[in-house]
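Asker: Before anything else, here's the structure in question.
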Amino acid sequence: MSTINHTVAALAERFELTFKGDGARVINGVGTLAGAGPSQLSFLSNSKYTTQLAATGAGVVVLREENLPDCPTSALIAKDPYVAYAQIAALFERLPAAPPGIHPTAVVAANAQISDSASIGPCCVIEDGAVIGDGVILGPHCIIGEHCTVGAQSRLVARVTLVTRVTLGQRVLVHPGAVIGSDGFGLAFDKDHWIKLPQLGGVRIGDDCEIGANTTIDRGALDDTVLEEDVRLDNQIQIAHNVHVGAHTAMAGCAAVAGSAKIGRYCMIGGNAGVLGHLELADRVTITAKSLVTHSIREPGEYSSGVPLQDNRQWRKNAARFKHLDEYARRLSTLEKDSTNE
Amino acid sequence: MSTINHTVAALAERFELTFKGDGARVINGVGTLAGAGPSQLSFLSNSKYTTQLAATGAGVVVLREENLPDCPTSALIAKDPYVAYAQIAALFERLPAAPPGIHPTAVVAANAQISDSASIGPCCVIEDGAVIGDGVILGPHCIIGEHCTVGAQSRLVARVTLVTRVTLGQRVLVHPGAVIGSDGFGLAFDKDHWIKLPQLGGVRIGDDCEIGANTTIDRGALDDTVLEEDVRLDNQIQIAHNVHVGAHTAMAGCAAVAGSAKIGRYCMIGGNAGVLGHLELADRVTITAKSLVTHSIREPGEYSSGVPLQDNRQWRKNAARFKHLDEYARRLSTLEKDSTNE
Amino acid sequence: MSTINHTVAALAERFELTFKGDGARVINGVGTLAGAGPSQLSFLSNSKYTTQLAATGAGVVVLREENLPDCPTSALIAKDPYVAYAQIAALFERLPAAPPGIHPTAVVAANAQISDSASIGPCCVIEDGAVIGDGVILGPHCIIGEHCTVGAQSRLVARVTLVTRVTLGQRVLVHPGAVIGSDGFGLAFDKDHWIKLPQLGGVRIGDDCEIGANTTIDRGALDDTVLEEDVRLDNQIQIAHNVHVGAHTAMAGCAAVAGSAKIGRYCMIGGNAGVLGHLELADRVTITAKSLVTHSIREPGEYSSGVPLQDNRQWRKNAARFKHLDEYARRLSTLEKDSTNE
């Protein structure tokens, strides 16, 4: 592979940063403070790692001005080094080549519309009425179901399934195994057995969203399931039918949102956290990992449930007591009354 | 697309409902009370939405007789409007066309048995000894492993994997990404490393079951893993080896059942709830979301675990106290004794 | 199918066990104590099942010497009957035939290196720079991305995705739907929107690891995500970027480990348990099901969180009290002070 080279000075100019030290130094990659070599760039964002800065072998470090005195090598000064690093590092990412055109093993319906600039990988299946926009990359084994639309510059890495009536905006990134537009889980109980409710809605995903590996997003029962723009979902997340997720909200792995819940903008949902159906979360609500949201949240802020981890023997004793907490509270009140009456 | 049309009177006759108002009105779809137009049918099941009834623009509404006075349009009267709506709405669902026959890109073993009326989609792989029944639809990319049987009228939407020794009953519906018949997780610890136990059983799924997207059902170690008829599993559920699930039980997204557990009939397992291995749950047990079942349950009823969501600062204080609950209970008892002795 | 036959005496010799009874008896399969017939082998490992031993119809039973008096049939005596049974049962497992060679529907990049003894199944896609070792079996629909390596004798059952820069050791077993090497979830917040951090690392999986169905393992941001040898992951597990899992650690279904966590050797992580990011767990730590690890653990042992399952009505009362636990503790202290001061 040919290397990707940028001088420190060129990086400074491109990202509007100032540099100290050797502007002519050629950088061909990125690394951690501990691991980077003289032709690599690193960064210091969390002051916890300042001690690693002094010992770094990196060719250049992106950092805040205040950390400059501790930097033994060239530096790029940024207000937010993590953001600047993210932008620079993207230059060194090698994405797989994806030449425009349709792989001969792909199966494409006669009335699907595919942009000439799109790249359709091996064994992809594109069904009736699907629309694939400019510059879209479908990696191997993607299935684009009936009446699905993939917006320009979106990338479905591999083995993504859009079942039906799914619309992806522009620059959407979907990871392998994700299933979007599967049937919502709608059942009516008829005397002694279940009857399935047809799921007649679709899914709308806004621009710049990212959907993690093996994440599932069901289509709506009547109206659509909606993710606004720049929603970021990690792996193995479950979004039920008719959920609405506000722009810029991020969810960590294994989070789950039940049917018709409405999550605000700029929310952060922790790993394996859950939100019950039909609830509403205000903007800028943070839910910590493994918490269960059982009521709507009207105010921004951080919310939690759960109990702390303990050595199993101690935990057993405390957990057993939890079963009597109501009784303890009553006994406490009784004691207080008795004490006052004495 | 051509429209699907039914008059109100025809719907009433077909589903044995009585109608009020305009029997000749033509209905071509369904919608919510708030969103439906004059050629659409809606329903009122939950009295919480009665205010929406008065303002609806729907052409006809399925409702209970008691709600008739508030209905501004034609009505179909049902004892259970949700069930009647489910049955009617199914008329308006458009399933993808699936003509009988085997797609030229499918790979089919010489000794697989495939009904002439089955539809085998692109890139399906059907292995030795597999049996595909009448009217079965395999969407794109399904894998039917050795000695698997798919019962008549079943539909595997897309990308479903049946690994080996899996038998699906009739009218089973399986969503994309589901894996059925994978190895159970059986290990023996031999001094300093793990030895795998071969998983020699299979999986039996009864008639009318539904299996959600990316759900996994392992095959048994010796005997089979079993789902009786009309079991309904949402997305991302994990069913371990040798689990037995009784008929008509439903599980919400991300629930998990550990090895050899036996779940009764008509149970309801909430989202992300868990059941430990080798436990038994009686019929008609409901487990609320995110609860962990750690002992067998002999009586029908609703069961829960977990603590409520709070503002993170308050929660931290309470959670820290949980670690001392046993001590508090002892101190409370001591105080009570002292109080009595005074 | 032809049967697989071994005499009791031959099994004893092969696995260095002593036998009692009929060494000439021909065994052609395995079964439970309750279900096995005269040509099948069973085992007794857990003394809980001793009553089943007396009634077994098995042709031979693997057991400890102390259980010999209760055995009504031939016996193979083992120090650890479960381990011996695991080894013997493997003889009776029928794996699907996988002849060496590349299926004509597979799509293989010109510069991929594939051993002549490897078996590449239908619709597999093998990309640039991939290396497939001796005796490797890729079942149908596997995707081996750029610069991925699959070590000798590994088996990817079906529909496994290795995204990029993934190295599997020897004898690794991966179940359907698993995704290894997907992008880690790395985001920087830039004023009002997210910026993605390119994920430039890879994944290294040691020899003899097993990866469950629909499990996801993200590749590292800079350094690699690592599983040492003999790590055993059940289904639907989520391993985030830069996690390091020590050798011989096992995780049950739906467990999740957040970014950069370091799990020790010989750990046992229970079903749906979680580990927060950047934590360290010592060797031989056991986490019980559904627990959340929120701090590093320095000592081996068993750790838990959560509260016990109760009848919903009782649970509601106790859970409501949890919200006031801090207040109760203060009130208890006040009462104690008052009591002392009297």
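To be explicit about the labels: the chains of the structure tokens are called A, B, and onward in the order shown, and within each one the residues are counted from 1, while ligands get numbers from 1 in the order they are shown.
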Could you pull out all residues of range 33-246 of chain C with a DSSP call of helix (DSSP H, G or I) and give them as a list in words?
Answerer: Ser47, Lys48, Tyr49, Thr50, Thr51, Gln52, Leu53, Ala54, Glu65, Glu66, Asn67, Leu68, Pro69, Asp70, Pro81, Tyr82, Val83, Ala84, Tyr85, Ala86, Gln87, Ile88, Ala89, Ala90, Leu91 and Phe92 of chain C
Asker: Write the residues of the preceding selection, restricted to C-alpha atoms, as an mmCIF file, in the first residue's frame.
Answerer:
data_model
loop_
_atom_site.group_PDB
_atom_site.id
_atom_site.type_symbol
_atom_site.label_atom_id
_atom_site.label_comp_id
_atom_site.auth_asym_id
_atom_site.auth_seq_id
_atom_site.Cartn_x
_atom_site.Cartn_y
_atom_site.Cartn_z
ATOM 1 C CA SER C 47 -25.108 -35.913 42.161
ATOM 2 C CA LYS C 48 -28.552 -34.284 41.957
ATOM 3 C CA TYR C 49 -29.336 -36.728 39.169
ATOM 4 C CA THR C 50 -28.287 -39.904 41.015
ATOM 5 C CA THR C 51 -31.904 -41.068 41.205
ATOM 6 C CA GLN C 52 -32.031 -40.978 37.396
ATOM 7 C CA LEU C 53 -28.987 -43.237 37.284
ATOM 8 C CA ALA C 54 -30.801 -46.148 38.906
ATOM 9 C CA GLU C 65 -16.230 -44.375 41.083
ATOM 10 C CA GLU C 66 -18.397 -43.501 44.088
ATOM 11 C CA ASN C 67 -21.532 -43.776 41.929
ATOM 12 C CA LEU C 68 -20.714 -47.219 40.647
ATOM 13 C CA PRO C 69 -22.922 -49.060 43.189
ATOM 14 C CA ASP C 70 -26.005 -47.232 41.880
ATOM 15 C CA PRO C 81 -17.296 -37.382 34.170
ATOM 16 C CA TYR C 82 -18.422 -34.155 32.498
ATOM 17 C CA VAL C 83 -15.031 -33.625 30.848
ATOM 18 C CA ALA C 84 -14.792 -37.282 29.830
ATOM 19 C CA TYR C 85 -18.325 -37.156 28.453
ATOM 20 C CA ALA C 86 -17.482 -34.007 26.440
ATOM 21 C CA GLN C 87 -14.512 -35.751 24.866
ATOM 22 C CA ILE C 88 -16.449 -38.913 24.049
ATOM 23 C CA ALA C 89 -19.536 -37.124 22.741
ATOM 24 C CA ALA C 90 -17.398 -35.272 20.199
ATOM 25 C CA LEU C 91 -16.865 -38.624 18.472
ATOM 26 C CA PHE C 92 -20.568 -38.815 17.715
#
Asker: Near Thr225 in chain B, counting only C-alpha atoms, which residues have an atom at most 7 Å away, once you skip same-chain residues fewer than 2 positions from it, shown as a ChimeraX atom specification?
Answerer: /B:202-204,219-220,223,241-244
Asker: Write a file of the just-selected residues containing C-alpha atoms, as a compact mmCIF listing (two decimals), in the first residue's frame.
Answerer:
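Output saved as out.txt:
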# COMPACT_ATOMS: atom_id res chain seq x y z
CA GLY B 202 -32.09 -29.74 17.46
CA VAL B 203 -34.78 -27.04 17.66
CA ARG B 204 -38.52 -27.55 17.25
CA ARG B 219 -30.13 -26.08 19.48
CA GLY B 220 -30.18 -28.54 22.35
CA ASP B 223 -32.69 -33.21 23.59
CA HIS B 241 -30.10 -24.67 24.53
CA ASN B 242 -32.82 -26.97 25.82
CA VAL B 243 -35.15 -24.14 26.78
CA HIS B 244 -38.84 -25.06 26.52
Asker: Please identify all polymer residues within 8 Å of range 280-289 of chain C, counting only C-alpha atoms, omitting same-chain residues fewer than 4 positions from it, and present them as number ranges by chain.
Answerer: C: 246, 261-273, 295-305
Asker: Just give me the gap between CA of Glu229 in chain A and CA of Val293 in chain A in Å, one decimal is fine.
Answerer: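 Here the two named atoms are 23.4 Å from each other.
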Asker: Pick out the chain B residues within 8 Å of chain A. Count only C-alpha atoms. Give them as a VMD selection string.
Answerer: chain B and resid 30 to 32 82 to 83 86 to 87 89 to 90 93 96 122 to 123 140 175 to 177 213 to 214 230 234 to 236 248 252 to 254 271 290 306 to 312 315 319 to 320 322 to 326 329 332 336 339
Asker: Write a file of the selected residues as a compact mmCIF listing (two decimals), in the first residue's frame, keeping C-alpha atoms.
Answerer:
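part.txt, freshly written:
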# COMPACT_ATOMS: atom_id res chain seq x y z
CA VAL B 30 -55.93 2.29 7.59
CA GLY B 31 -54.57 5.07 9.76
CA THR B 32 -54.49 6.56 13.24
CA TYR B 82 -58.17 -3.94 18.60
CA VAL B 83 -58.64 -7.53 17.47
CA ALA B 86 -55.93 -6.29 13.40
CA GLN B 87 -58.00 -8.59 11.22
CA ALA B 89 -55.81 -4.12 8.61
CA ALA B 90 -54.30 -7.37 7.34
CA GLU B 93 -50.98 -5.15 3.86
CA PRO B 96 -43.72 -8.54 -1.57
CA PRO B 122 -31.93 -14.87 -4.45
CA CYS B 123 -28.75 -16.28 -2.92
CA PRO B 140 -33.22 -13.35 -0.15
CA HIS B 175 -37.48 -11.92 10.56
CA PRO B 176 -34.07 -11.00 9.12
CA GLY B 177 -30.90 -11.85 10.95
CA ALA B 213 -34.95 -9.81 13.83
CA ASN B 214 -31.49 -10.88 15.05
CA ASP B 230 -48.05 -19.41 18.77
CA ASP B 234 -39.56 -9.89 19.44
CA ASN B 235 -36.11 -8.79 18.20
CA GLN B 236 -32.72 -9.65 19.71
CA HIS B 248 -48.90 -18.50 23.33
CA ALA B 252 -40.45 -8.44 24.24
CA GLY B 253 -37.18 -7.26 22.71
CA CYS B 254 -33.84 -8.28 24.20
CA GLY B 271 -38.13 -6.31 27.38
CA LYS B 290 -35.42 -5.75 32.81
CA GLY B 306 -35.03 -3.50 39.85
CA VAL B 307 -35.10 -0.07 41.47
CA PRO B 308 -36.73 3.12 40.19
CA LEU B 309 -35.06 5.71 38.02
CA GLN B 310 -34.03 8.91 39.78
CA ASP B 311 -32.07 12.05 39.19
CA ASN B 312 -28.46 10.87 39.25
CA TRP B 315 -29.81 8.04 43.05
CA ALA B 319 -27.46 3.51 45.88
CA ALA B 320 -24.53 4.10 48.25
CA PHE B 322 -27.91 0.03 49.57
CA LYS B 323 -24.46 -1.34 50.34
CA HIS B 324 -25.27 -1.07 54.04
CA LEU B 325 -28.87 -2.26 54.02
CA ASP B 326 -28.17 -5.33 56.10
CA ALA B 329 -31.82 -3.57 59.35
CA LEU B 332 -33.20 -0.94 63.45
CA GLU B 336 -36.51 -1.60 68.71
CA SER B 339 -37.02 0.84 73.02
Asker: To one decimal place, how far is CA of Leu95 in chain A from CA of Ala112 in chain C in Å?
Answerer: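 Between these atoms lies a distance of 17.4 Å.
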Asker: Within 7 Å of range 7-13 of chain B, counting only C-alpha atoms, which residues show up once you throw out same-chain ones fewer than 4 positions away? Write them as a PyMOL selection string, please.
Answerer: chain B and resi 17-19+23-27+76
Asker: Restricting the output to N, CA and C atoms, write the selected residues as a PDB file, in the first residue's frame.
Answerer:
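Contents of the output file result-v2.pdb:
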ATOM      1  N   LEU B  17     -69.345  -7.875  11.926  1.00  0.00           N
ATOM      2  CA  LEU B  17     -69.509  -6.684  12.765  1.00  0.00           C
ATOM      3  C   LEU B  17     -70.769  -5.956  12.284  1.00  0.00           C
ATOM      4  N   THR B  18     -71.367  -5.131  13.142  1.00  0.00           N
ATOM      5  CA  THR B  18     -72.458  -4.273  12.641  1.00  0.00           C
ATOM      6  C   THR B  18     -71.884  -2.908  12.333  1.00  0.00           C
ATOM      7  N   PHE B  19     -72.458  -2.228  11.331  1.00  0.00           N
ATOM      8  CA  PHE B  19     -71.956  -0.895  11.042  1.00  0.00           C
ATOM      9  C   PHE B  19     -73.057   0.149  11.207  1.00  0.00           C
ATOM     10  N   GLY B  23     -72.542   2.574   4.598  1.00  0.00           N
ATOM     11  CA  GLY B  23     -72.026   1.247   4.236  1.00  0.00           C
ATOM     12  C   GLY B  23     -71.371   1.215   2.877  1.00  0.00           C
ATOM     13  N   ALA B  24     -71.693   2.156   2.029  1.00  0.00           N
ATOM     14  CA  ALA B  24     -71.151   2.157   0.664  1.00  0.00           C
ATOM     15  C   ALA B  24     -69.798   2.852   0.562  1.00  0.00           C
ATOM     16  N   ARG B  25     -69.371   3.426   1.682  1.00  0.00           N
ATOM     17  CA  ARG B  25     -68.096   4.146   1.640  1.00  0.00           C
ATOM     18  C   ARG B  25     -66.949   3.188   1.311  1.00  0.00           C
ATOM     19  N   VAL B  26     -66.085   3.617   0.391  1.00  0.00           N
ATOM     20  CA  VAL B  26     -64.970   2.768  -0.031  1.00  0.00           C
ATOM     21  C   VAL B  26     -63.727   3.093   0.819  1.00  0.00           C
ATOM     22  N   ILE B  27     -63.171   2.043   1.391  1.00  0.00           N
ATOM     23  CA  ILE B  27     -61.989   2.167   2.257  1.00  0.00           C
ATOM     24  C   ILE B  27     -60.801   1.542   1.513  1.00  0.00           C
ATOM     25  N   LEU B  76     -67.778   0.806  12.774  1.00  0.00           N
ATOM     26  CA  LEU B  76     -67.924  -0.649  12.814  1.00  0.00           C
ATOM     27  C   LEU B  76     -67.834  -1.033  14.286  1.00  0.00           C
TER      28      LEU B  76
END
Asker: Grab the CA of Val150 in chain A to CA of Pro99 in chain B distance for me, in Å with one decimal place.
Answerer: 26.2 Å
